[in-house]
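Shown next: run.cif, containing mmCIF, C-alpha atoms.
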data_coords
loop_
_atom_site.label_atom_id
_atom_site.label_comp_id
_atom_site.auth_asym_id
_atom_site.auth_seq_id
_atom_site.Cartn_x
_atom_site.Cartn_y
_atom_site.Cartn_z
CA MET A 1 0.00 0.00 0.00
CA THR A 2 1.45 3.36 -1.09
CA ALA A 3 1.98 5.85 1.70
CA ALA A 4 0.29 9.21 1.36
CA ASN A 5 2.54 12.02 0.20
CA PRO A 6 2.57 14.75 2.91
CA LEU A 7 3.33 17.40 0.25
CA ASP A 8 0.23 16.43 -1.82
CA GLU A 9 -1.92 16.46 1.30
CA SER A 10 -0.59 19.89 2.20
CA ARG A 11 -1.37 21.23 -1.29
CA THR A 12 -4.90 19.77 -1.22
CA ALA A 13 -5.53 21.27 2.21
CA GLY A 14 -4.20 24.61 0.96
CA ARG A 15 -6.54 24.59 -2.07
CA GLN A 16 -9.52 23.71 0.10
CA SER A 17 -8.64 26.48 2.52
CA SER A 18 -8.33 28.95 -0.39
CA VAL A 19 -11.72 27.91 -1.78
CA ARG A 20 -13.32 28.32 1.65
CA HIS A 21 -11.69 31.73 2.01
CA TRP A 22 -12.95 33.06 -1.31
CA TYR A 23 -16.39 31.54 -0.70
CA ALA A 24 -16.53 33.36 2.63
CA VAL A 25 -15.44 36.61 0.95
CA ALA A 26 -18.11 36.25 -1.76
CA ARG A 27 -20.77 35.33 0.80
CA ASP A 28 -19.83 38.36 2.90
CA ALA A 29 -20.06 40.66 -0.14
CA ILE A 30 -23.47 39.27 -1.13
CA ASP A 31 -24.84 39.57 2.40
CA ARG A 32 -23.94 43.25 2.79
CA PRO A 33 -26.90 45.65 3.19
CA LEU A 34 -26.03 47.73 0.11
CA THR A 35 -25.44 44.80 -2.26
CA ALA A 36 -28.88 44.98 -3.92
CA TYR A 37 -28.58 48.76 -4.31
CA TYR A 38 -25.20 48.59 -6.02
CA LEU A 39 -26.18 45.62 -8.19
CA LEU A 40 -29.28 47.43 -9.46
CA LEU A 41 -27.39 50.66 -10.06
CA GLY A 42 -24.39 49.01 -11.72
CA ALA A 43 -26.31 46.56 -13.92
CA SER A 44 -28.72 49.27 -15.11
CA ALA A 45 -25.87 51.64 -15.95
CA LEU A 46 -23.96 48.94 -17.84
CA LEU A 47 -27.03 47.90 -19.85
CA LEU A 48 -27.76 51.52 -20.75
CA THR A 49 -24.14 52.06 -21.85
CA ILE A 50 -24.09 48.88 -23.92
CA GLY A 51 -27.43 49.89 -25.43
CA LEU A 52 -26.14 53.31 -26.54
CA ILE A 53 -23.03 51.76 -28.10
CA MET A 54 -25.07 49.15 -29.94
CA VAL A 55 -27.70 51.66 -31.12
CA LEU A 56 -24.87 53.80 -32.54
CA SER A 57 -23.40 50.80 -34.34
CA ALA A 58 -26.58 49.04 -35.45
CA SER A 59 -28.30 52.22 -36.71
CA SER A 60 -25.36 53.84 -38.50
CA VAL A 61 -26.13 52.45 -41.97
CA TYR A 62 -29.88 53.00 -41.63
CA SER A 63 -29.29 56.56 -40.39
CA TYR A 64 -26.95 57.31 -43.27
CA LYS A 65 -29.52 56.18 -45.85
CA GLU A 66 -32.57 57.76 -44.23
CA ASN A 67 -31.08 61.05 -43.00
CA ASP A 68 -29.07 62.46 -45.92
CA GLY A 69 -25.74 60.98 -44.95
CA ASN A 70 -26.02 61.60 -41.19
CA SER A 71 -24.95 58.33 -39.54
CA TYR A 72 -25.64 59.68 -36.06
CA ALA A 73 -29.29 60.75 -36.44
CA VAL A 74 -30.81 57.75 -34.62
CA VAL A 75 -28.32 57.63 -31.76
CA THR A 76 -28.68 61.40 -31.32
CA ARG A 77 -32.42 60.94 -30.77
CA GLN A 78 -31.68 58.10 -28.35
CA LEU A 79 -29.30 60.36 -26.42
CA ILE A 80 -32.07 62.95 -26.14
CA TRP A 81 -34.35 60.30 -24.65
CA VAL A 82 -31.58 59.24 -22.25
CA ALA A 83 -31.19 62.87 -21.16
CA ILE A 84 -34.93 62.87 -20.38
CA ALA A 85 -35.02 59.42 -18.80
CA ILE A 86 -32.10 59.69 -16.35
CA PRO A 87 -33.49 62.71 -14.41
CA CYS A 88 -36.91 61.01 -14.35
CA ALA A 89 -35.32 57.83 -12.95
CA TRP A 90 -33.40 59.85 -10.34
CA ILE A 91 -36.59 61.59 -9.23
CA ALA A 92 -38.38 58.21 -9.07
CA SER A 93 -35.58 56.82 -6.87
CA ARG A 94 -36.00 59.70 -4.40
CA LEU A 95 -39.78 59.80 -4.17
CA PRO A 96 -41.30 58.59 -0.89
CA ILE A 97 -43.38 55.46 -1.26
CA GLY A 98 -46.56 57.37 -0.40
CA ALA A 99 -45.89 59.80 -3.26
CA VAL A 100 -45.26 56.91 -5.67
CA ARG A 101 -48.61 55.36 -4.73
CA ARG A 102 -50.41 58.64 -5.40
CA PHE A 103 -49.39 58.30 -9.05
CA ALA A 104 -51.15 54.92 -9.43
CA TRP A 105 -54.59 56.04 -10.59
CA PRO A 106 -53.37 59.06 -12.65
CA ALA A 107 -50.81 56.80 -14.42
CA LEU A 108 -53.49 54.27 -15.39
CA LEU A 109 -55.87 56.98 -16.61
CA VAL A 110 -53.13 58.67 -18.66
CA ALA A 111 -52.20 55.32 -20.23
CA ILE A 112 -55.83 54.57 -21.15
CA VAL A 113 -56.34 58.06 -22.62
CA LEU A 114 -53.16 57.82 -24.70
CA LEU A 115 -54.14 54.37 -25.98
CA ALA A 116 -57.58 55.71 -26.89
CA LEU A 117 -56.05 58.68 -28.72
CA VAL A 118 -54.20 56.24 -30.98
CA ARG A 119 -57.61 55.34 -32.45
CA VAL A 120 -58.30 59.00 -33.35
CA PRO A 121 -57.74 59.68 -37.07
CA GLY A 122 -54.80 62.00 -37.59
CA LEU A 123 -53.22 61.20 -34.22
CA GLY A 124 -52.61 57.47 -34.50
CA VAL A 125 -49.56 56.45 -36.55
CA GLU A 126 -49.22 53.05 -38.23
CA VAL A 127 -45.79 51.39 -38.12
CA ASN A 128 -45.14 47.99 -39.73
CA GLY A 129 -48.85 47.20 -39.91
CA ASN A 130 -49.56 48.03 -36.25
CA LYS A 131 -51.40 51.22 -35.40
CA ASN A 132 -50.02 51.62 -31.89
CA TRP A 133 -48.06 54.86 -32.14
CA LEU A 134 -49.13 58.40 -31.30
CA GLY A 135 -47.77 61.41 -33.17
CA VAL A 136 -46.73 64.19 -30.78
CA GLY A 137 -45.11 67.06 -32.70
CA PRO A 138 -41.83 65.85 -34.23
CA PHE A 139 -41.87 62.74 -32.00
CA THR A 140 -43.87 59.53 -32.05
CA ILE A 141 -44.49 57.68 -28.80
CA GLN A 142 -45.86 54.22 -28.11
CA PRO A 143 -48.49 54.49 -25.35
CA ALA A 144 -48.38 50.73 -24.76
CA GLU A 145 -44.86 51.11 -23.33
CA ILE A 146 -46.11 53.69 -20.84
CA ALA A 147 -49.02 51.37 -20.04
CA LYS A 148 -46.62 48.61 -18.89
CA LEU A 149 -45.34 50.76 -16.03
CA ALA A 150 -48.80 52.17 -15.35
CA ILE A 151 -50.53 48.80 -14.89
CA VAL A 152 -47.77 47.42 -12.65
CA LEU A 153 -47.90 50.52 -10.45
CA TRP A 154 -51.70 50.57 -10.32
CA ALA A 155 -52.11 46.83 -9.65
CA ALA A 156 -49.49 46.94 -6.88
CA HIS A 157 -51.30 49.88 -5.26
CA ILE A 158 -54.71 48.19 -5.41
CA TYR A 159 -53.47 44.85 -4.11
CA ALA A 160 -51.51 46.53 -1.29
CA ARG A 161 -54.73 48.25 -0.17
CA LYS A 162 -56.54 44.89 -0.26
CA GLU A 163 -53.72 42.99 1.46
CA LYS A 164 -56.00 41.50 4.14
CA ARG A 165 -58.84 40.65 1.73
CA LEU A 166 -56.93 38.82 -1.00
CA GLY A 167 -58.28 35.45 0.04
CA SER A 168 -61.47 36.31 -1.85
CA LEU A 169 -61.57 35.64 -5.60
CA HIS A 170 -63.77 38.71 -6.05
CA GLU A 171 -61.13 40.94 -4.46
CA LEU A 172 -58.44 39.40 -6.66
CA VAL A 173 -60.34 40.00 -9.87
CA PHE A 174 -61.99 43.40 -9.30
CA PRO A 175 -60.88 45.93 -10.37
CA VAL A 176 -57.36 44.82 -11.36
CA VAL A 177 -58.26 42.21 -13.97
CA LEU A 178 -60.88 44.50 -15.52
CA GLY A 179 -58.54 47.51 -15.61
CA ILE A 180 -55.60 45.63 -17.13
CA GLY A 181 -58.02 43.83 -19.45
CA LEU A 182 -59.21 47.19 -20.80
CA VAL A 183 -55.61 48.22 -21.48
CA ILE A 184 -54.94 44.91 -23.27
CA VAL A 185 -58.05 45.34 -25.44
CA LEU A 186 -56.97 48.86 -26.45
CA VAL A 187 -53.53 47.55 -27.40
CA MET A 188 -55.03 44.69 -29.40
CA LEU A 189 -57.24 47.14 -31.32
CA GLY A 190 -53.96 48.51 -32.68
CA ARG A 191 -53.07 44.96 -33.83
CA ASP A 192 -50.07 44.80 -31.49
CA LEU A 193 -50.41 41.20 -30.38
CA GLY A 194 -46.85 40.98 -29.00
CA THR A 195 -47.26 43.85 -26.54
CA ALA A 196 -50.70 42.55 -25.55
CA LEU A 197 -49.10 39.22 -24.60
CA VAL A 198 -46.48 41.02 -22.47
CA LEU A 199 -49.26 42.90 -20.67
CA PHE A 200 -51.08 39.63 -20.09
CA ALA A 201 -47.88 38.10 -18.65
CA ILE A 202 -47.66 41.05 -16.24
CA LEU A 203 -51.27 40.44 -15.19
CA LEU A 204 -50.57 36.75 -14.53
CA ALA A 205 -47.47 37.68 -12.52
CA MET A 206 -49.43 40.08 -10.34
CA LEU A 207 -52.12 37.47 -9.74
CA TRP A 208 -49.50 34.87 -8.86
CA VAL A 209 -47.64 37.05 -6.37
CA VAL A 210 -50.85 37.84 -4.48
CA GLY A 211 -51.76 34.15 -4.26
CA ALA A 212 -54.48 33.65 -6.90
CA PRO A 213 -55.79 30.06 -7.15
CA ALA A 214 -54.43 27.76 -9.85
CA ARG A 215 -57.82 27.42 -11.58
CA LEU A 216 -57.78 31.14 -12.35
CA PHE A 217 -54.40 30.78 -14.09
CA THR A 218 -55.54 27.76 -16.05
CA MET A 219 -58.69 29.48 -17.26
CA SER A 220 -56.83 32.70 -18.13
CA ILE A 221 -54.09 30.94 -20.09
CA LEU A 222 -56.60 28.82 -22.03
CA VAL A 223 -58.80 31.78 -22.93
CA THR A 224 -55.83 33.95 -23.89
CA GLY A 225 -54.25 31.16 -25.92
CA VAL A 226 -57.45 30.67 -27.94
CA ILE A 227 -57.81 34.44 -28.53
CA ALA A 228 -54.13 34.78 -29.53
CA LEU A 229 -54.35 31.91 -32.01
CA TYR A 230 -57.55 33.33 -33.49
CA LEU A 231 -55.99 36.77 -33.91
CA ALA A 232 -52.90 35.20 -35.49
CA THR A 233 -55.10 33.50 -38.11
CA THR A 234 -56.75 36.83 -39.01
CA SER A 235 -53.44 38.18 -40.32
CA ALA A 236 -51.58 36.38 -43.11
CA HIS A 237 -48.31 37.99 -41.97
CA ARG A 238 -48.73 36.80 -38.37
CA LEU A 239 -49.77 33.32 -39.51
CA GLU A 240 -46.65 33.03 -41.69
CA ARG A 241 -44.43 34.00 -38.76
CA LEU A 242 -46.21 31.54 -36.46
CA THR A 243 -45.84 28.60 -38.86
CA THR A 244 -42.22 29.25 -39.93
CA PHE A 245 -40.40 30.49 -36.82
CA THR A 246 -38.98 27.04 -35.94
CA ASP A 247 -37.30 26.85 -39.36
CA PRO A 248 -36.94 30.35 -40.84
CA PHE A 249 -34.91 29.02 -43.76
CA LYS A 250 -37.99 27.15 -44.99
CA ASP A 251 -39.48 30.49 -46.07
CA PHE A 252 -36.21 32.37 -46.35
CA HIS A 253 -37.29 35.10 -48.78
CA LYS A 254 -40.56 35.94 -47.00
CA ALA A 255 -41.50 35.41 -43.35
CA GLY A 256 -38.16 33.77 -42.54
CA TRP A 257 -35.98 36.60 -43.86
CA GLN A 258 -35.60 38.53 -40.59
CA PRO A 259 -35.05 35.59 -38.18
CA ALA A 260 -32.74 33.85 -40.67
CA HIS A 261 -30.49 36.90 -40.96
CA GLY A 262 -30.60 37.26 -37.19
CA LEU A 263 -29.19 33.73 -36.94
CA TYR A 264 -26.58 34.58 -39.57
CA ALA A 265 -25.48 37.53 -37.43
CA LEU A 266 -25.23 35.47 -34.25
CA SER A 267 -23.41 32.57 -35.92
CA SER A 268 -20.80 34.84 -37.51
CA GLY A 269 -20.03 36.49 -34.15
CA GLY A 270 -18.26 33.46 -32.69
CA TRP A 271 -16.93 33.68 -29.16
CA PHE A 272 -15.71 37.26 -29.10
CA GLY A 273 -17.44 38.87 -32.10
CA GLN A 274 -16.27 40.75 -35.15
CA GLY A 275 -15.70 43.97 -33.19
CA ILE A 276 -17.88 47.02 -32.57
CA GLY A 277 -19.05 48.49 -35.87
CA ALA A 278 -18.07 45.42 -37.90
CA SER A 279 -21.53 43.88 -38.35
CA GLN A 280 -22.34 42.84 -41.93
CA GLN A 281 -26.04 42.12 -41.41
CA LYS A 282 -26.87 45.73 -40.49
CA TRP A 283 -26.04 46.79 -44.06
CA GLY A 284 -29.63 46.23 -45.17
CA ASP A 285 -30.11 42.47 -44.83
CA LEU A 286 -31.42 42.51 -41.25
CA PRO A 287 -34.65 44.51 -40.78
CA GLU A 288 -35.05 46.44 -37.50
CA ALA A 289 -31.37 45.99 -36.70
CA HIS A 290 -31.35 48.80 -34.13
CA THR A 291 -34.74 47.99 -32.56
CA ASP A 292 -36.24 44.50 -32.25
CA PHE A 293 -33.16 42.64 -33.58
CA ILE A 294 -30.39 44.62 -31.91
CA PHE A 295 -29.47 41.49 -29.94
CA ALA A 296 -28.44 39.85 -33.22
CA VAL A 297 -26.10 42.75 -34.07
CA LEU A 298 -24.77 42.64 -30.52
CA GLY A 299 -23.98 38.94 -30.95
CA GLU A 300 -22.30 39.55 -34.29
CA GLU A 301 -20.09 42.36 -32.98
CA LEU A 302 -19.46 41.25 -29.37
CA GLY A 303 -19.86 37.50 -29.79
CA LEU A 304 -21.20 34.93 -27.38
CA VAL A 305 -19.38 36.66 -24.53
CA GLY A 306 -21.25 39.91 -25.21
CA THR A 307 -24.66 38.25 -25.42
CA LEU A 308 -24.09 36.30 -22.21
CA LEU A 309 -22.97 39.50 -20.48
CA VAL A 310 -26.23 41.23 -21.41
CA ILE A 311 -28.31 38.28 -20.22
CA ALA A 312 -26.26 38.13 -16.99
CA LEU A 313 -26.93 41.82 -16.34
CA PHE A 314 -30.69 41.27 -16.66
CA LEU A 315 -30.46 38.30 -14.31
CA THR A 316 -28.46 40.46 -11.88
CA ILE A 317 -31.25 43.04 -11.88
CA ALA A 318 -33.79 40.28 -11.28
CA TYR A 319 -31.76 38.80 -8.40
CA ALA A 320 -31.25 42.16 -6.69
CA ALA A 321 -34.90 43.16 -7.13
CA ILE A 322 -36.25 39.87 -5.78
CA ARG A 323 -33.90 40.26 -2.83
CA VAL A 324 -35.43 43.67 -2.13
CA ALA A 325 -38.95 42.22 -2.48
CA ALA A 326 -38.14 39.34 -0.11
CA GLN A 327 -36.75 41.63 2.60
CA THR A 328 -39.39 44.35 2.58
CA ALA A 329 -42.35 44.45 4.95
CA ASP A 330 -44.32 46.77 2.64
CA PRO A 331 -46.71 44.81 0.37
CA PHE A 332 -46.78 47.65 -2.19
CA VAL A 333 -42.99 47.49 -2.59
CA ARG A 334 -43.13 43.71 -2.85
CA TYR A 335 -45.86 43.65 -5.51
CA LEU A 336 -44.44 46.53 -7.56
CA THR A 337 -40.93 45.07 -7.49
CA PHE A 338 -42.10 41.66 -8.62
CA GLY A 339 -44.22 43.16 -11.41
CA ILE A 340 -41.29 45.21 -12.74
CA VAL A 341 -39.01 42.14 -12.70
CA VAL A 342 -41.51 40.06 -14.67
CA TRP A 343 -42.01 42.90 -17.16
CA LEU A 344 -38.32 43.57 -17.88
CA LEU A 345 -37.02 40.01 -17.57
CA GLY A 346 -39.97 38.55 -19.49
CA GLN A 347 -39.52 41.04 -22.30
CA MET A 348 -35.81 40.21 -22.47
CA ILE A 349 -36.59 36.50 -22.70
CA ILE A 350 -39.14 37.06 -25.48
CA ASN A 351 -36.76 39.30 -27.46
CA VAL A 352 -33.83 36.88 -27.16
CA GLY A 353 -36.16 33.99 -28.02
CA MET A 354 -37.27 35.81 -31.19
CA VAL A 355 -33.69 36.42 -32.31
CA LEU A 356 -32.73 32.80 -31.61
CA ALA A 357 -35.81 31.62 -33.60
CA LEU A 358 -37.17 29.90 -30.49
CA LEU A 359 -40.26 32.15 -30.53
CA PRO A 360 -42.22 33.83 -33.34
CA VAL A 361 -41.21 37.38 -34.27
CA ILE A 362 -43.75 39.58 -32.46
CA GLY A 363 -41.99 42.94 -32.39
CA ILE A 364 -40.79 43.16 -28.79
CA PRO A 365 -37.72 45.38 -28.13
CA LEU A 366 -34.87 44.53 -25.76
CA PRO A 367 -35.27 46.75 -22.67
CA LEU A 368 -32.60 49.45 -22.21
CA VAL A 369 -30.70 48.21 -25.28
CA SER A 370 -33.03 48.64 -28.27
CA TYR A 371 -33.65 52.07 -29.77
CA GLY A 372 -36.86 53.77 -28.67
CA GLY A 373 -37.56 56.55 -26.21
CA SER A 374 -41.11 55.55 -25.32
CA ALA A 375 -39.73 52.20 -24.12
CA LEU A 376 -36.56 53.58 -22.55
CA VAL A 377 -38.13 56.21 -20.29
CA PRO A 378 -40.65 53.91 -18.50
CA SER A 379 -38.00 51.19 -18.14
CA LEU A 380 -35.50 53.57 -16.51
CA VAL A 381 -38.20 55.06 -14.28
CA ALA A 382 -39.11 51.52 -13.16
CA LEU A 383 -35.45 50.78 -12.39
CA GLY A 384 -35.23 54.10 -10.55
CA LEU A 385 -38.11 52.95 -8.35
CA LEU A 386 -36.31 49.67 -7.62
CA ILE A 387 -33.09 51.51 -6.75
CA GLY A 388 -35.08 53.77 -4.43
CA PHE A 389 -36.63 50.76 -2.71
CA ALA A 390 -33.16 49.24 -2.24
CA ARG A 391 -31.84 52.49 -0.73
CA ARG A 392 -34.74 52.71 1.70
CA ASP A 393 -34.25 49.21 3.09
CA PRO A 394 -33.62 49.85 6.84
CA GLU A 395 -30.21 48.17 6.91
CA ALA A 396 -29.15 49.80 3.62
CA ALA A 397 -30.33 53.22 4.83
CA ARG A 398 -28.27 52.84 8.03
CA ALA A 399 -25.21 51.77 6.04
CA LEU A 400 -25.54 54.77 3.72
CA ALA A 401 -25.99 57.12 6.69
CA GLN A 402 -22.89 55.71 8.40
CA ARG A 403 -20.89 56.01 5.20
CA LYS A 404 -22.01 59.62 4.73
CA LYS A 405 -21.15 60.40 8.38
CA ALA A 406 -17.72 58.80 8.03
CA ARG A 407 -17.04 60.73 4.83
CA SER A 408 -18.04 64.00 6.48
CA ALA A 409 -15.84 63.23 9.47
CA GLY A 410 -12.92 62.45 7.16
CA LEU A 411 -13.33 65.72 5.29
CA SER A 412 -13.55 67.65 8.54
CA ALA A 413 -10.39 65.97 9.81
CA GLY A 414 -8.62 66.83 6.57
CA ARG A 415 -9.33 70.53 7.06
CA VAL A 416 -7.84 70.61 10.58
CA PRO A 417 -4.35 72.21 10.43
CA HIS A 418 -1.48 70.16 11.81
#
This structure in structure tokens:
Amino acid sequence: MTAANPLDESRTAGRQSSVRHWYAVARDAIDRPLTAYYLLLGASALLLTIGLIMVLSASSVYSYKENDGNSYAVVTRQLIWVAIAIPCAWIASRLPIGAVRRFAWPALLVAIVLLALVRVPGLGVEVNGNKNWLGVGPFTIQPAEIAKLAIVLWAAHIYARKEKRLGSLHELVFPVVLGIGLVIVLVMLGRDLGTALVLFAILLAMLWVVGAPARLFTMSILVTGVIALYLATTSAHRLERLTTFTDPFKDFHKAGWQPAHGLYALSSGGWFGQGIGASQQKWGDLPEAHTDFIFAVLGEELGLVGTLLVIALFLTIAYAAIRVAAQTADPFVRYLTFGIVVWLLGQMIINVGMVLALLPVIGIPLPLVSYGGSALVPSLVALGLLIGFARRDPEAARALAQRKKARSAGLSAGRVPH
């Protein structure tokens, strides 16, 4: 029998000790009071930065052709929206929870009015067959994007007020299901089936987090599935996308053109991509390269590493937000946080699924990354709310106060003459 080598045993013990040390360090970092706050702030900032870089790259050819040789027209408009969105997000992060809740009913009413105005001749603007845009001076906005934030805020407010009565099916359904149902109907009148499905997913998420019975989910999913399939059959374009998405090359020159070129872009990116600005598909072959299919351009230019980074940042936001929701004692914060997570993470999953040809193309942008101000502003405001909730966590608030006090003491000590 071979005797154990003391040197090998020492090395093994050293490696195990090192692993335990780094595990303890990571666990300590994760357990700190301000972890969720910094994760939300950092991941949001990184996604916004990546989005601006990719909008600049993906839109450059389109901008050059559509704006008399100006390759920066689209990204300039996106920068204007960012300049509007960041102050709005900062204000949202500083608002007291009571003030946020006072916006619940006005937000829903504004969303419904804007969606109704889309149906007014001369105000509604049709884009790619969907009449879901509203012309406002030189800008066009998509009220359905505003409605996503509005329904999450409103439903969280209503359910928080009914916290002790949510064991009743009547209290679960009225008025939240009716209110969100009205918004979904208005969106569907504009033939925007994709956004309507996202709104329905938000509704299901809100019902789930407040403890709705399983039979309500089953009935809702069955009814919505039947309605969605019926609506898909009423449009030849939608039906083509639904029947060819699993193999876009089967109908390459028609319904499969966009998803097929999205796959071309991703496959040519490899591990580390072709480099920023080096995409070939954005030169006219890939429709909506800077909006719905920006993830494909991102994969072509930044490779698998870049796409995984973006997905990891969304998962980081979800982890930090769920941590905030789990630690709070305020039902409004819990419901609103969960609704925002489902909205942003669900929309990311749908967009990535479209680009990977795992889901039909239904015109859903990638939050914070795709071009579009009417989607960017509500998303950043929602993230601002989450960051505010993380800051107001009792332990996080104490840690921030201690840090501010220590910094002030350090500055005061620095001014004392020796």
Each residue of region 294-368 of chain A lying at most 12 Å from region 254-257 of chain A should get a row with its shortest atom-to-atom pair and the distance in Å to one decimal, counting all atoms listed in the file; could you produce that, ordered by chain and increasing number, as a tab-separated table?
residue	atom	partner	partner_atom	distance
A:Met354	CA	A:Gly256	CA	11.6
A:Val355	CA	A:Gly256	CA	11.5
A:Ala357	CA	A:Gly256	CA	9.5
A:Pro360	CA	A:Gly256	CA	10.1
A:Val361	CA	A:Ala255	CA	9.3
A:Ile362	CA	A:Ala255	CA	11.9
Please build the interface table for region 17-116 of chain A against region 273-278 of chain A with a cut-off of 8 Å, listing for each qualifying residue the nearest atom pair and the distance in Å to one decimal; count only C-alpha atoms, order rows by chain and increasing number, and write it as a tab-separated table.
residue	atom	partner	partner_atom	distance
A:Met54	CA	A:Ile276	CA	7.9
A:Ser57	CA	A:Gly277	CA	5.2
A:Ala58	CA	A:Gly277	CA	7.6
Output for the residues just chosen: C-alpha atoms as a CSV table (one decimal), in the coordinates of the input:
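New file result.csv:
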chain,number,residue,atom,x,y,z
A,54,MET,CA,-25.1,49.2,-29.9
A,57,SER,CA,-23.4,50.8,-34.3
A,58,ALA,CA,-26.6,49.0,-35.4
Excluding same-chain residues fewer than 4 positions from region 216-227 of chain A, what lies within 12 Å of it counting all atoms listed in the file, as a CSV table (one decimal) with C-alpha atoms, in the frame of the given file?
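Contents of selection-v4.csv, freshly written:
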chain,number,residue,atom,x,y,z
A,169,LEU,CA,-61.6,35.6,-5.6
A,170,HIS,CA,-63.8,38.7,-6.0
A,172,LEU,CA,-58.4,39.4,-6.7
A,173,VAL,CA,-60.3,40.0,-9.9
A,177,VAL,CA,-58.3,42.2,-14.0
A,181,GLY,CA,-58.0,43.8,-19.4
A,184,ILE,CA,-54.9,44.9,-23.3
A,185,VAL,CA,-58.0,45.3,-25.4
A,188,MET,CA,-55.0,44.7,-29.4
A,193,LEU,CA,-50.4,41.2,-30.4
A,196,ALA,CA,-50.7,42.6,-25.6
A,197,LEU,CA,-49.1,39.2,-24.6
A,198,VAL,CA,-46.5,41.0,-22.5
A,199,LEU,CA,-49.3,42.9,-20.7
A,200,PHE,CA,-51.1,39.6,-20.1
A,201,ALA,CA,-47.9,38.1,-18.6
A,203,LEU,CA,-51.3,40.4,-15.2
A,204,LEU,CA,-50.6,36.8,-14.5
A,205,ALA,CA,-47.5,37.7,-12.5
A,206,MET,CA,-49.4,40.1,-10.3
A,207,LEU,CA,-52.1,37.5,-9.7
A,208,TRP,CA,-49.5,34.9,-8.9
A,211,GLY,CA,-51.8,34.2,-4.3
A,212,ALA,CA,-54.5,33.6,-6.9
A,231,LEU,CA,-56.0,36.8,-33.9
A,232,ALA,CA,-52.9,35.2,-35.5
A,233,THR,CA,-55.1,33.5,-38.1
A,234,THR,CA,-56.8,36.8,-39.0
From the options A:Val136, A:Val118, A:Ser267, A:Asp68, which residue's atoms come nearest to Gly303 (chain A), counting all atoms listed in the file?
A:Ser267
For the contact check between region 224-340 of chain A and region 364-382 of chain A, emit one row per residue of region 224-340 of chain A within 6 Å, containing the shortest atom pair and the distance in Å rounded to one decimal, counting all atoms listed in the file, chain then rising number order, as a tab-separated table.
residue	atom	partner	partner_atom	distance
A:His290	CA	A:Tyr371	CA	5.9
A:Thr291	CA	A:Ser370	CA	4.7
A:Asp292	CA	A:Pro365	CA	4.5
What's the 6 Å shell around region 105-115 of chain A, counting all atoms listed in the file, without same-chain residues fewer than 3 positions away, as a PyMOL selection string?
chain A and resi 118+143+147+150
Output of the PyMOL selection byres ((chain A and resi 297) around 9), listed as a PyMOL selection string:
chain A and resi 54+57-58+262+265-266+269+279-282+286+289-290+293-296+298-302
Among listed residues A:Ala320, A:Val74, A:Ala99, A:Ile349, nearest Leu34 (chain A) (using all atoms listed in the file):
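Distance minimum relative to Leu34 (chain A) lands on A:Ala320.
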For CA of Leu313 (chain A) and CA of Val342 (chain A), the interatomic separation in Å (one decimal)
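According to the coordinates, CA of Leu313 (chain A) and CA of Val342 (chain A) are separated by 14.8 Å.
Relative to CA of Ile151 (chain A), CA of Pro121 (chain A) is found at 25.7 Å.
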